Amino acid sequence: MSQNSADLPWKVRLFTSLFSFTFKVMIRRSDGSLNRLLLNFLDYKTSPSPDKPIDGVTTTDFTIDEDRNLWFRLYSPVFRTSTADNEVNIPVIFYFHGGGFICMAANSKLFDDLCYRLARLLPAVIISVNYRLAPEHRCPCQYEDGFDVIKFIDKSYLEVLPNHANLKHSFVAGDSAGGNLAHHMALKASKSELFNIKLTGVIAIQPFFGGEERTGSEIKLSRDPFVPMDTTDWMWRSFLPEGSNRDHQVSNVFGPNSVDISELKFPAVLVIIGGLDPLQDWQKRYYEGLKKSGKEVYLVEYVNAFHSFYLFPCVPEFSLFIKDVRDFMQKQMSR
């Protein structure tokens, strides 16, 4: 690993080493294709628990479109009714998982565990979106799927959400590729009319952005086990429309082909980066681009955090991450 792996818990070191080897040698074929069968076999999936809370959270799956395999998992914290809890209302987070647009799912154990923690610790009602994956389904399928879930909730929330879910305090959030999706969901929302959802903020956790230029962090951390440069290049080639390069407007969001958002009513954004993440320079450019566009944006950096640190509650940055997300949400909701 390019980071100080000796400083990480042994379980994290083992996972990162196995992931790097398996992905490069067994899943990503030499011709650039993807071994989807093996990837699905290794990606352990979990089942929802609608009737029996797990750590104080129930989960239920809702299908929107079977043909697209478009569905979401709802995480709902359980509140006792012995006091004035009938008055309890908590924010709603539309969550988009990472995986470079090409792997993982809403019911992948790593992200299922993460959403349980977010629902319990923030607390919040989490809507974890299962979107289509590349290269079988290229851009813009993922953005269409994500916003279709938002529109479905806006229209049918009474049928699926618990009473304590407050759509007037809604956030879009995601990690890595999901952070990219979260930005574009906010962009779509700012151009659309939502009747019941008020988008209060964007939580971009080590978002996956890029461009044709090579940044200093990409070069310096080129041996990263999760997102080395050759892997991210392959992910972009697998995801972007045929014939596009990494300066496409969905990847280089403040690059030469970007969309001007200065006149749009864009929600406040929290950008979380790690000092050991090869993508950090692109994430900092995202932060600077939002500032130059006149948007409210906050940057939080954990110097010793590697890409995907938030999946491992045993690392010290995880508790800081929860506190910073909670503080950001409370600040936006207090207005």
# chains A, B, ... in the order shown; residues from 1 in each chain; ligands from 1
>>> closest_atom_pairs(of="stretch 200-255 of chain A", to="stretch 139-142 of chain A", cutoff="6 Å", atoms="only C-alpha atoms", output="Markdown table")
| residue | atom | partner | partner_atom | distance |
| --- | --- | --- | --- | --- |
| A:Phe239 | CA | A:Cys139 | CA | 5.8 |
| A:Leu240 | CA | A:Cys139 | CA | 5.4 |
| A:Pro241 | CA | A:Cys139 | CA | 5.8 |
>>> write_last_selection(atoms="N, CA, C and O atoms", output="short mmCIF file (atom, residue, chain, number, x, y, z; two decimals), in the first residue's frame")
data_model
loop_
_atom_site.label_atom_id
_atom_site.label_comp_id
_atom_site.auth_asym_id
_atom_site.auth_seq_id
_atom_site.Cartn_x
_atom_site.Cartn_y
_atom_site.Cartn_z
N PHE A 239 -17.39 3.51 -18.01
CA PHE A 239 -18.60 4.22 -17.59
C PHE A 239 -19.05 5.31 -18.56
O PHE A 239 -20.23 5.45 -18.87
N LEU A 240 -18.12 6.12 -19.04
CA LEU A 240 -18.48 7.28 -19.86
C LEU A 240 -19.04 6.85 -21.21
O LEU A 240 -18.75 5.75 -21.68
N PRO A 241 -19.84 7.70 -21.84
CA PRO A 241 -20.37 7.37 -23.17
C PRO A 241 -19.24 7.06 -24.14
O PRO A 241 -18.15 7.63 -24.05
#
>>> select_by_dssp(residues="stretch 109-325 of chain A", states="strand (DSSP E or B)", output="ChimeraX atom specification")
/A:125-130,165-175,199-205,268-274,297-302
>>> closest_residue(among="A:Leu311, A:Pro123, A:Ser128, A:Phe208", to="A:Asp327", atoms="only C-alpha atoms")
A:Pro123
>>> residues_around(residues="stretch 148-152 of chain A", least_positions_apart="6", cutoff="12 Å", atoms="only C-alpha atoms", output="compact mmCIF listing (two decimals) with N, CA and C atoms, in the first residue's frame")
# COMPACT_ATOMS: atom_id res chain seq x y z
N PHE A 62 -37.67 -1.82 -1.53
CA PHE A 62 -38.78 -1.39 -2.38
C PHE A 62 -38.31 -1.36 -3.84
N THR A 63 -39.06 -2.04 -4.69
CA THR A 63 -38.72 -2.08 -6.12
C THR A 63 -39.51 -1.02 -6.88
N ILE A 64 -38.82 -0.28 -7.73
CA ILE A 64 -39.45 0.74 -8.56
C ILE A 64 -39.63 0.25 -10.00
N ASP A 65 -38.59 -0.41 -10.53
CA ASP A 65 -38.64 -0.89 -11.91
C ASP A 65 -37.86 -2.19 -12.01
N ARG A 68 -35.22 -2.62 -14.88
CA ARG A 68 -33.93 -1.95 -14.67
C ARG A 68 -33.25 -2.42 -13.39
N ASN A 69 -33.88 -3.31 -12.67
CA ASN A 69 -33.40 -3.70 -11.34
C ASN A 69 -33.20 -2.46 -10.47
N LEU A 70 -34.15 -1.55 -10.60
CA LEU A 70 -34.08 -0.29 -9.85
C LEU A 70 -34.89 -0.43 -8.57
N TRP A 71 -34.20 -0.36 -7.45
CA TRP A 71 -34.84 -0.51 -6.16
C TRP A 71 -34.01 0.25 -5.12
N PHE A 72 -34.57 0.36 -3.92
CA PHE A 72 -33.81 0.99 -2.84
C PHE A 72 -34.08 0.25 -1.55
N ARG A 73 -33.12 0.36 -0.66
CA ARG A 73 -33.27 -0.20 0.69
C ARG A 73 -33.49 0.95 1.67
N LEU A 74 -34.55 0.85 2.45
CA LEU A 74 -34.92 1.88 3.41
C LEU A 74 -34.44 1.48 4.80
N VAL A 92 -33.88 12.84 6.07
CA VAL A 92 -33.83 11.76 5.10
C VAL A 92 -32.58 11.92 4.24
N ILE A 93 -31.85 10.84 4.06
CA ILE A 93 -30.65 10.86 3.22
C ILE A 93 -30.84 9.90 2.05
N PHE A 94 -30.76 10.42 0.84
CA PHE A 94 -30.69 9.57 -0.34
C PHE A 94 -29.22 9.20 -0.53
N TYR A 95 -28.91 7.92 -0.35
CA TYR A 95 -27.51 7.50 -0.34
C TYR A 95 -27.16 6.70 -1.60
N PHE A 96 -25.98 7.02 -2.17
CA PHE A 96 -25.50 6.35 -3.38
C PHE A 96 -24.15 5.70 -3.08
N ILE A 127 -32.21 6.18 2.46
CA ILE A 127 -32.73 5.54 1.25
C ILE A 127 -31.52 5.21 0.38
N SER A 128 -31.10 3.95 0.41
CA SER A 128 -29.91 3.52 -0.31
C SER A 128 -30.31 3.00 -1.68
N VAL A 129 -29.84 3.68 -2.72
CA VAL A 129 -30.31 3.45 -4.08
C VAL A 129 -29.47 2.39 -4.79
N ASN A 130 -30.16 1.42 -5.38
CA ASN A 130 -29.49 0.43 -6.22
C ASN A 130 -29.63 0.84 -7.68
N TYR A 131 -28.56 1.31 -8.26
CA TYR A 131 -28.57 1.80 -9.64
C TYR A 131 -27.84 0.82 -10.56
N CYS A 141 -27.18 6.26 -17.48
CA CYS A 141 -28.15 5.38 -16.80
C CYS A 141 -28.16 5.57 -15.29
N GLN A 142 -26.98 5.70 -14.69
CA GLN A 142 -26.88 5.80 -13.24
C GLN A 142 -27.56 7.07 -12.72
N LEU A 158 -45.71 8.78 1.25
CA LEU A 158 -46.66 8.31 2.28
C LEU A 158 -46.78 6.80 2.28
N GLU A 159 -46.47 6.17 1.16
CA GLU A 159 -46.60 4.72 1.04
C GLU A 159 -45.39 3.97 1.57
N VAL A 160 -44.24 4.64 1.68
CA VAL A 160 -43.02 3.91 1.99
C VAL A 160 -42.24 4.45 3.20
N LEU A 161 -42.34 5.73 3.49
CA LEU A 161 -41.51 6.29 4.55
C LEU A 161 -42.20 6.23 5.91
N LEU A 167 -39.05 14.99 5.07
CA LEU A 167 -38.57 15.26 3.72
C LEU A 167 -38.17 16.72 3.52
N SER A 170 -34.04 16.97 3.64
CA SER A 170 -33.50 15.88 2.82
C SER A 170 -32.09 16.21 2.35
N PHE A 171 -31.27 15.18 2.28
CA PHE A 171 -29.89 15.31 1.82
C PHE A 171 -29.62 14.25 0.76
N VAL A 172 -28.71 14.55 -0.15
CA VAL A 172 -28.17 13.53 -1.03
C VAL A 172 -26.73 13.29 -0.61
N ALA A 182 -24.19 12.00 -6.09
CA ALA A 182 -24.87 12.94 -5.20
C ALA A 182 -24.81 14.36 -5.76
N MET A 185 -27.24 14.55 -8.62
CA MET A 185 -28.64 14.54 -8.17
C MET A 185 -29.05 15.94 -7.71
N ALA A 186 -28.14 16.62 -7.01
CA ALA A 186 -28.44 17.99 -6.59
C ALA A 186 -28.58 18.90 -7.80
N LYS A 188 -29.60 17.98 -10.85
CA LYS A 188 -30.91 17.69 -11.45
C LYS A 188 -32.05 18.30 -10.63
N ALA A 189 -31.94 18.18 -9.31
CA ALA A 189 -32.99 18.72 -8.45
C ALA A 189 -33.11 20.24 -8.59
N SER A 192 -35.28 20.98 -11.49
CA SER A 192 -36.57 20.29 -11.53
C SER A 192 -37.49 20.83 -10.45
N GLU A 193 -38.73 20.41 -10.51
CA GLU A 193 -39.70 20.82 -9.50
C GLU A 193 -40.04 19.61 -8.63
N LEU A 194 -39.67 19.68 -7.36
CA LEU A 194 -40.02 18.66 -6.39
C LEU A 194 -41.06 19.25 -5.45
N PHE A 195 -42.09 18.49 -5.16
CA PHE A 195 -43.23 19.04 -4.42
C PHE A 195 -43.14 18.80 -2.91
N ASN A 196 -42.53 17.70 -2.50
CA ASN A 196 -42.50 17.36 -1.08
C ASN A 196 -41.08 17.29 -0.51
N ILE A 197 -40.11 17.16 -1.37
CA ILE A 197 -38.72 17.07 -0.94
C ILE A 197 -38.08 18.45 -0.99
N LYS A 198 -37.47 18.85 0.11
CA LYS A 198 -36.63 20.04 0.11
C LYS A 198 -35.20 19.59 0.33
N LEU A 199 -34.39 19.74 -0.71
CA LEU A 199 -33.00 19.30 -0.64
C LEU A 199 -32.19 20.30 0.17
>>> closest_atom_pairs(of="stretch 26-112 of chain A", to="stretch 216-236 of chain A", cutoff="12 Å", atoms="only C-alpha atoms", output="CSV")
residue,atom,partner,partner_atom,distance
A:Ile27,CA,A:Thr231,CA,11.6
A:Arg28,CA,A:Thr231,CA,8.9
A:Arg29,CA,A:Trp234,CA,10.8
A:Ser30,CA,A:Trp234,CA,11.1
A:Asp31,CA,A:Trp234,CA,10.7
A:Gly32,CA,A:Trp234,CA,7.2
A:Ser33,CA,A:Trp234,CA,9.3
A:Leu34,CA,A:Trp234,CA,10.2
A:Gly98,CA,A:Phe226,CA,11.4
A:Gly99,CA,A:Met235,CA,9.3
A:Gly100,CA,A:Met235,CA,6.0
A:Phe101,CA,A:Met235,CA,7.2
A:Ile102,CA,A:Met235,CA,7.0
A:Cys103,CA,A:Met235,CA,9.9
>>> write_last_selection(atoms="all heavy atoms", output="JSON list (two decimals), in the first residue's frame")
[["chain", "number", "residue", "atom", "x", "y", "z"],
["A", 27, "ILE", "N", -10.65, -9.98, -11.50],
["A", 27, "ILE", "CA", -11.91, -9.35, -11.91],
["A", 27, "ILE", "C", -11.73, -8.48, -13.14],
["A", 27, "ILE", "O", -12.53, -8.54, -14.08],
["A", 27, "ILE", "CB", -12.49, -8.52, -10.74],
["A", 27, "ILE", "CG1", -12.91, -9.47, -9.61],
["A", 27, "ILE", "CG2", -13.67, -7.69, -11.20],
["A", 27, "ILE", "CD1", -13.38, -8.77, -8.36],
["A", 28, "ARG", "N", -10.69, -7.69, -13.17],
["A", 28, "ARG", "CA", -10.42, -6.84, -14.32],
["A", 28, "ARG", "C", -9.55, -7.61, -15.31],
["A", 28, "ARG", "O", -8.37, -7.86, -15.08],
["A", 28, "ARG", "CB", -9.71, -5.57, -13.86],
["A", 28, "ARG", "CG", -9.34, -4.63, -14.98],
["A", 28, "ARG", "CD", -8.56, -3.46, -14.41],
["A", 28, "ARG", "NE", -7.80, -2.77, -15.45],
["A", 28, "ARG", "CZ", -6.86, -1.89, -15.21],
["A", 28, "ARG", "NH1", -6.54, -1.58, -13.96],
["A", 28, "ARG", "NH2", -6.21, -1.31, -16.21],
["A", 29, "ARG", "N", -10.15, -8.03, -16.41],
["A", 29, "ARG", "CA", -9.44, -8.85, -17.40],
["A", 29, "ARG", "C", -8.43, -8.01, -18.17],
["A", 29, "ARG", "O", -8.54, -6.78, -18.27],
["A", 29, "ARG", "CB", -10.43, -9.49, -18.36],
["A", 29, "ARG", "CG", -11.43, -10.45, -17.71],
["A", 29, "ARG", "CD", -12.19, -11.19, -18.78],
["A", 29, "ARG", "NE", -13.15, -12.13, -18.21],
["A", 29, "ARG", "CZ", -14.47, -11.92, -18.19],
["A", 29, "ARG", "NH1", -14.97, -10.79, -18.68],
["A", 29, "ARG", "NH2", -15.28, -12.82, -17.69],
["A", 30, "SER", "N", -7.45, -8.69, -18.77],
["A", 30, "SER", "CA", -6.37, -8.02, -19.50],
["A", 30, "SER", "C", -6.88, -7.26, -20.72],
["A", 30, "SER", "O", -6.26, -6.28, -21.16],
["A", 30, "SER", "CB", -5.31, -9.03, -19.93],
["A", 30, "SER", "OG", -5.89, -10.04, -20.74],
["A", 31, "ASP", "N", -8.03, -7.69, -21.27],
["A", 31, "ASP", "CA", -8.58, -7.00, -22.44],
["A", 31, "ASP", "C", -9.45, -5.81, -22.06],
["A", 31, "ASP", "O", -10.07, -5.18, -22.91],
["A", 31, "ASP", "CB", -9.37, -7.97, -23.32],
["A", 31, "ASP", "CG", -10.59, -8.56, -22.60],
["A", 31, "ASP", "OD1", -10.81, -8.24, -21.41],
["A", 31, "ASP", "OD2", -11.33, -9.34, -23.23],
["A", 32, "GLY", "N", -9.52, -5.51, -20.76],
["A", 32, "GLY", "CA", -10.29, -4.37, -20.30],
["A", 32, "GLY", "C", -11.72, -4.69, -19.91],
["A", 32, "GLY", "O", -12.43, -3.82, -19.41],
["A", 33, "SER", "N", -12.15, -5.92, -20.12],
["A", 33, "SER", "CA", -13.51, -6.31, -19.75],
["A", 33, "SER", "C", -13.57, -6.67, -18.27],
["A", 33, "SER", "O", -12.55, -6.72, -17.58],
["A", 33, "SER", "CB", -13.99, -7.48, -20.61],
["A", 33, "SER", "OG", -13.17, -8.63, -20.41],
["A", 34, "LEU", "N", -14.77, -6.96, -17.81],
["A", 34, "LEU", "CA", -15.02, -7.20, -16.39],
["A", 34, "LEU", "C", -15.57, -8.60, -16.20],
["A", 34, "LEU", "O", -16.47, -9.03, -16.92],
["A", 34, "LEU", "CB", -16.03, -6.17, -15.87],
["A", 34, "LEU", "CG", -16.51, -6.27, -14.43],
["A", 34, "LEU", "CD1", -15.38, -5.89, -13.48],
["A", 34, "LEU", "CD2", -17.71, -5.36, -14.20],
["A", 98, "GLY", "N", -20.55, 3.64, -3.45],
["A", 98, "GLY", "CA", -19.38, 3.73, -4.32],
["A", 98, "GLY", "C", -19.14, 2.43, -5.07],
["A", 98, "GLY", "O", -19.93, 1.49, -5.01],
["A", 99, "GLY", "N", -18.00, 2.40, -5.78],
["A", 99, "GLY", "CA", -17.66, 1.23, -6.56],
["A", 99, "GLY", "C", -17.26, 1.56, -7.99],
["A", 99, "GLY", "O", -17.28, 0.69, -8.87],
["A", 100, "GLY", "N", -16.90, 2.83, -8.24],
["A", 100, "GLY", "CA", -16.41, 3.20, -9.55],
["A", 100, "GLY", "C", -17.42, 3.09, -10.66],
["A", 100, "GLY", "O", -17.05, 2.99, -11.83],
["A", 101, "PHE", "N", -18.69, 3.07, -10.32],
["A", 101, "PHE", "CA", -19.81, 2.91, -11.26],
["A", 101, "PHE", "C", -19.89, 1.50, -11.84],
["A", 101, "PHE", "O", -20.78, 1.22, -12.64],
["A", 101, "PHE", "CB", -19.73, 3.91, -12.43],
["A", 101, "PHE", "CG", -19.75, 5.35, -12.03],
["A", 101, "PHE", "CD1", -18.60, 6.11, -12.09],
["A", 101, "PHE", "CD2", -20.92, 5.95, -11.61],
["A", 101, "PHE", "CE1", -18.60, 7.45, -11.74],
["A", 101, "PHE", "CE2", -20.95, 7.29, -11.25],
["A", 101, "PHE", "CZ", -19.79, 8.03, -11.32],
["A", 102, "ILE", "N", -18.96, 0.62, -11.46],
["A", 102, "ILE", "CA", -18.92, -0.69, -12.12],
["A", 102, "ILE", "C", -19.17, -1.86, -11.16],
["A", 102, "ILE", "O", -19.37, -2.98, -11.62],
["A", 102, "ILE", "CB", -17.60, -0.89, -12.88],
["A", 102, "ILE", "CG1", -16.39, -0.76, -11.96],
["A", 102, "ILE", "CG2", -17.46, 0.11, -14.02],
["A", 102, "ILE", "CD1", -15.86, -2.03, -11.43],
["A", 103, "CYS", "N", -19.15, -1.61, -9.86],
["A", 103, "CYS", "CA", -19.33, -2.73, -8.94],
["A", 103, "CYS", "C", -20.07, -2.28, -7.66],
["A", 103, "CYS", "O", -20.30, -1.10, -7.45],
["A", 103, "CYS", "CB", -18.00, -3.37, -8.57],
["A", 103, "CYS", "SG", -16.85, -2.30, -7.68]]
>>> residues_around(residues="A:Glu213", least_positions_apart="3", cutoff="9 Å", atoms="only C-alpha atoms", output="ChimeraX atom specification")
/A:210,246-247
>>> closest_residue(among="A:Tyr286, A:Phe111, A:Tyr302, A:Phe254", to="A:Val315", atoms="only C-alpha atoms")
A:Tyr302
>>> closest_residue(among="A:Asp145, A:Glu66, A:Asp112, A:Asp7", to="A:Ala305", atoms="only C-alpha atoms")
A:Asp7
>>> atom_distance(atom1="atom CA of A:His248", atom2="atom CA of A:Phe209")
10.3 Å
>>> closest_residue(among="A:Phe79, A:Tyr298, A:Tyr116, A:Phe23", to="A:Thr46", atoms="only C-alpha atoms")
A:Tyr116
>>> select_by_dssp(residues="stretch 35-281 of chain A", states="alpha helix (DSSP H)", output="NGL selection string")
:A and (36-42 or 109-121 or 141-160 or 177-190 or 216-220 or 229-239 or 280-281)
>>> write_last_selection(atoms="C-alpha atoms", output="PDB file, in the first residue's frame")
ATOM      1  CA  ARG A  36     -19.061  -9.862 -13.640  1.00  0.00           C
ATOM      2  CA  LEU A  37     -19.798 -13.452 -12.610  1.00  0.00           C
ATOM      3  CA  LEU A  38     -16.815 -13.639 -10.284  1.00  0.00           C
ATOM      4  CA  LEU A  39     -17.415 -10.117  -8.986  1.00  0.00           C
ATOM      5  CA  ASN A  40     -21.000 -10.961  -8.047  1.00  0.00           C
ATOM      6  CA  PHE A  41     -19.836 -14.189  -6.390  1.00  0.00           C
ATOM      7  CA  LEU A  42     -17.338 -12.330  -4.206  1.00  0.00           C
ATOM      8  CA  LYS A 109     -22.529  -6.060   2.955  1.00  0.00           C
ATOM      9  CA  LEU A 110     -19.954  -3.274   3.163  1.00  0.00           C
ATOM     10  CA  PHE A 111     -22.519  -0.634   2.222  1.00  0.00           C
ATOM     11  CA  ASP A 112     -25.370  -2.260   4.099  1.00  0.00           C
ATOM     12  CA  ASP A 113     -23.263  -2.089   7.261  1.00  0.00           C
ATOM     13  CA  LEU A 114     -22.350   1.528   6.547  1.00  0.00           C
ATOM     14  CA  CYS A 115     -25.975   2.582   6.051  1.00  0.00           C
ATOM     15  CA  TYR A 116     -26.983   0.854   9.292  1.00  0.00           C
ATOM     16  CA  ARG A 117     -24.337   2.910  11.084  1.00  0.00           C
ATOM     17  CA  LEU A 118     -25.383   6.160   9.428  1.00  0.00           C
ATOM     18  CA  ALA A 119     -29.061   5.576  10.228  1.00  0.00           C
ATOM     19  CA  ARG A 120     -28.285   4.845  13.873  1.00  0.00           C
ATOM     20  CA  LEU A 121     -25.528   7.341  14.612  1.00  0.00           C
ATOM     21  CA  CYS A 141     -28.146   5.376 -16.802  1.00  0.00           C
ATOM     22  CA  GLN A 142     -26.880   5.802 -13.241  1.00  0.00           C
ATOM     23  CA  TYR A 143     -28.034   9.421 -13.024  1.00  0.00           C
ATOM     24  CA  GLU A 144     -31.422   8.558 -14.498  1.00  0.00           C
ATOM     25  CA  ASP A 145     -31.886   5.745 -11.984  1.00  0.00           C
ATOM     26  CA  GLY A 146     -30.896   7.930  -9.046  1.00  0.00           C
ATOM     27  CA  PHE A 147     -33.223  10.767  -9.880  1.00  0.00           C
ATOM     28  CA  ASP A 148     -36.082   8.380 -10.641  1.00  0.00           C
ATOM     29  CA  VAL A 149     -35.839   7.193  -7.035  1.00  0.00           C
ATOM     30  CA  ILE A 150     -35.934  10.782  -5.781  1.00  0.00           C
ATOM     31  CA  LYS A 151     -39.004  11.519  -7.916  1.00  0.00           C
ATOM     32  CA  PHE A 152     -40.665   8.314  -6.722  1.00  0.00           C
ATOM     33  CA  ILE A 153     -40.191   9.300  -3.076  1.00  0.00           C
ATOM     34  CA  ASP A 154     -41.391  12.826  -3.803  1.00  0.00           C
ATOM     35  CA  LYS A 155     -44.622  11.402  -5.182  1.00  0.00           C
ATOM     36  CA  SER A 156     -45.174   8.258  -3.069  1.00  0.00           C
ATOM     37  CA  TYR A 157     -43.493   9.001   0.260  1.00  0.00           C
ATOM     38  CA  LEU A 158     -46.658   8.308   2.277  1.00  0.00           C
ATOM     39  CA  GLU A 159     -46.601   4.722   1.044  1.00  0.00           C
ATOM     40  CA  VAL A 160     -43.015   3.912   1.993  1.00  0.00           C
ATOM     41  CA  ALA A 177     -18.707   7.221  -7.414  1.00  0.00           C
ATOM     42  CA  GLY A 178     -21.724   7.755  -5.177  1.00  0.00           C
ATOM     43  CA  GLY A 179     -20.349  11.179  -4.245  1.00  0.00           C
ATOM     44  CA  ASN A 180     -20.260  12.016  -7.934  1.00  0.00           C
ATOM     45  CA  LEU A 181     -23.869  10.836  -8.203  1.00  0.00           C
ATOM     46  CA  ALA A 182     -24.868  12.942  -5.196  1.00  0.00           C
ATOM     47  CA  HIS A 183     -23.548  16.086  -6.899  1.00  0.00           C
ATOM     48  CA  HIS A 184     -25.445  15.339 -10.091  1.00  0.00           C
ATOM     49  CA  MET A 185     -28.637  14.541  -8.167  1.00  0.00           C
ATOM     50  CA  ALA A 186     -28.441  17.994  -6.592  1.00  0.00           C
ATOM     51  CA  LEU A 187     -27.823  19.455 -10.050  1.00  0.00           C
ATOM     52  CA  LYS A 188     -30.905  17.686 -11.450  1.00  0.00           C
ATOM     53  CA  ALA A 189     -32.990  18.722  -8.445  1.00  0.00           C
ATOM     54  CA  SER A 190     -31.996  22.370  -8.907  1.00  0.00           C
ATOM     55  CA  GLY A 216      -0.015  15.498  -8.163  1.00  0.00           C
ATOM     56  CA  SER A 217      -1.926  13.214  -5.791  1.00  0.00           C
ATOM     57  CA  GLU A 218      -2.728  10.730  -8.580  1.00  0.00           C
ATOM     58  CA  ILE A 219       0.950  10.462  -9.453  1.00  0.00           C
ATOM     59  CA  LYS A 220       2.235  10.427  -5.874  1.00  0.00           C
ATOM     60  CA  MET A 229      -4.538   5.689 -11.745  1.00  0.00           C
ATOM     61  CA  ASP A 230      -4.739   2.729 -14.138  1.00  0.00           C
ATOM     62  CA  THR A 231      -7.866   1.462 -12.364  1.00  0.00           C
ATOM     63  CA  THR A 232      -9.655   4.819 -12.350  1.00  0.00           C
ATOM     64  CA  ASP A 233      -8.787   5.300 -16.036  1.00  0.00           C
ATOM     65  CA  TRP A 234     -10.375   1.922 -16.770  1.00  0.00           C
ATOM     66  CA  MET A 235     -13.433   2.781 -14.698  1.00  0.00           C
ATOM     67  CA  TRP A 236     -13.976   6.020 -16.633  1.00  0.00           C
ATOM     68  CA  ARG A 237     -13.559   4.178 -19.965  1.00  0.00           C
ATOM     69  CA  SER A 238     -16.127   1.621 -18.831  1.00  0.00           C
ATOM     70  CA  PHE A 239     -18.600   4.222 -17.591  1.00  0.00           C
ATOM     71  CA  GLN A 280      -7.940  14.287  -3.313  1.00  0.00           C
ATOM     72  CA  ASP A 281      -6.709  16.899  -5.807  1.00  0.00           C
TER      73      ASP A 281
END
>>> residues_around(residues="A:Pro9", least_positions_apart="2", cutoff="12 Å", atoms="only C-alpha atoms", output="compact mmCIF listing (two decimals) with N, CA and C atoms, in the first residue's frame")
# COMPACT_ATOMS: atom_id res chain seq x y z
N ASN A 4 0.79 4.37 5.05
CA ASN A 4 1.48 3.68 6.12
C ASN A 4 0.63 2.53 6.62
N SER A 5 0.65 1.41 5.92
CA SER A 5 -0.22 0.29 6.25
C SER A 5 0.04 -0.26 7.63
N ALA A 6 1.26 -0.06 8.15
CA ALA A 6 1.55 -0.56 9.49
C ALA A 6 0.72 0.15 10.54
N ASP A 7 0.22 1.34 10.23
CA ASP A 7 -0.58 2.10 11.18
C ASP A 7 -2.05 1.68 11.17
N LYS A 11 -7.06 -6.08 10.15
CA LYS A 11 -8.19 -6.46 9.31
C LYS A 11 -8.29 -5.56 8.08
N VAL A 12 -8.00 -4.27 8.28
CA VAL A 12 -8.05 -3.33 7.16
C VAL A 12 -6.90 -3.62 6.20
N ARG A 13 -5.71 -3.89 6.72
CA ARG A 13 -4.56 -4.21 5.86
C ARG A 13 -4.83 -5.46 5.04
N LEU A 14 -5.43 -6.47 5.69
CA LEU A 14 -5.73 -7.71 4.99
C LEU A 14 -6.76 -7.49 3.90
N PHE A 15 -7.82 -6.73 4.22
CA PHE A 15 -8.87 -6.48 3.24
C PHE A 15 -8.34 -5.73 2.03
N THR A 16 -7.56 -4.67 2.28
CA THR A 16 -7.06 -3.87 1.17
C THR A 16 -6.12 -4.68 0.27
N PHE A 309 -12.07 4.87 3.73
CA PHE A 309 -11.86 4.71 5.17
C PHE A 309 -13.18 4.57 5.92
N PHE A 312 -14.77 1.35 7.41
CA PHE A 312 -14.09 0.63 8.49
C PHE A 312 -14.24 1.42 9.80
N PRO A 313 -15.21 1.08 10.62
CA PRO A 313 -15.43 1.82 11.87
C PRO A 313 -14.29 1.69 12.87
N CYS A 314 -13.35 0.78 12.62
CA CYS A 314 -12.22 0.61 13.54
C CYS A 314 -11.14 1.67 13.35
N VAL A 315 -11.18 2.42 12.26
CA VAL A 315 -10.15 3.45 12.06
C VAL A 315 -10.56 4.72 12.80
N PRO A 316 -9.60 5.48 13.32
CA PRO A 316 -9.95 6.65 14.15
C PRO A 316 -10.72 7.73 13.42
>>> closest_residue(among="A:Leu18, A:Tyr44, A:Ile126, A:Met26", to="A:Thr60", atoms="only C-alpha atoms")
A:Ile126
>>> atom_distance(atom1="atom CA of A:Leu276", atom2="atom CA of A:Phe21")
19.3 Å
>>> atom_distance(atom1="atom CA of A:Gln206", atom2="atom CA of A:Glu136")
24.8 Å
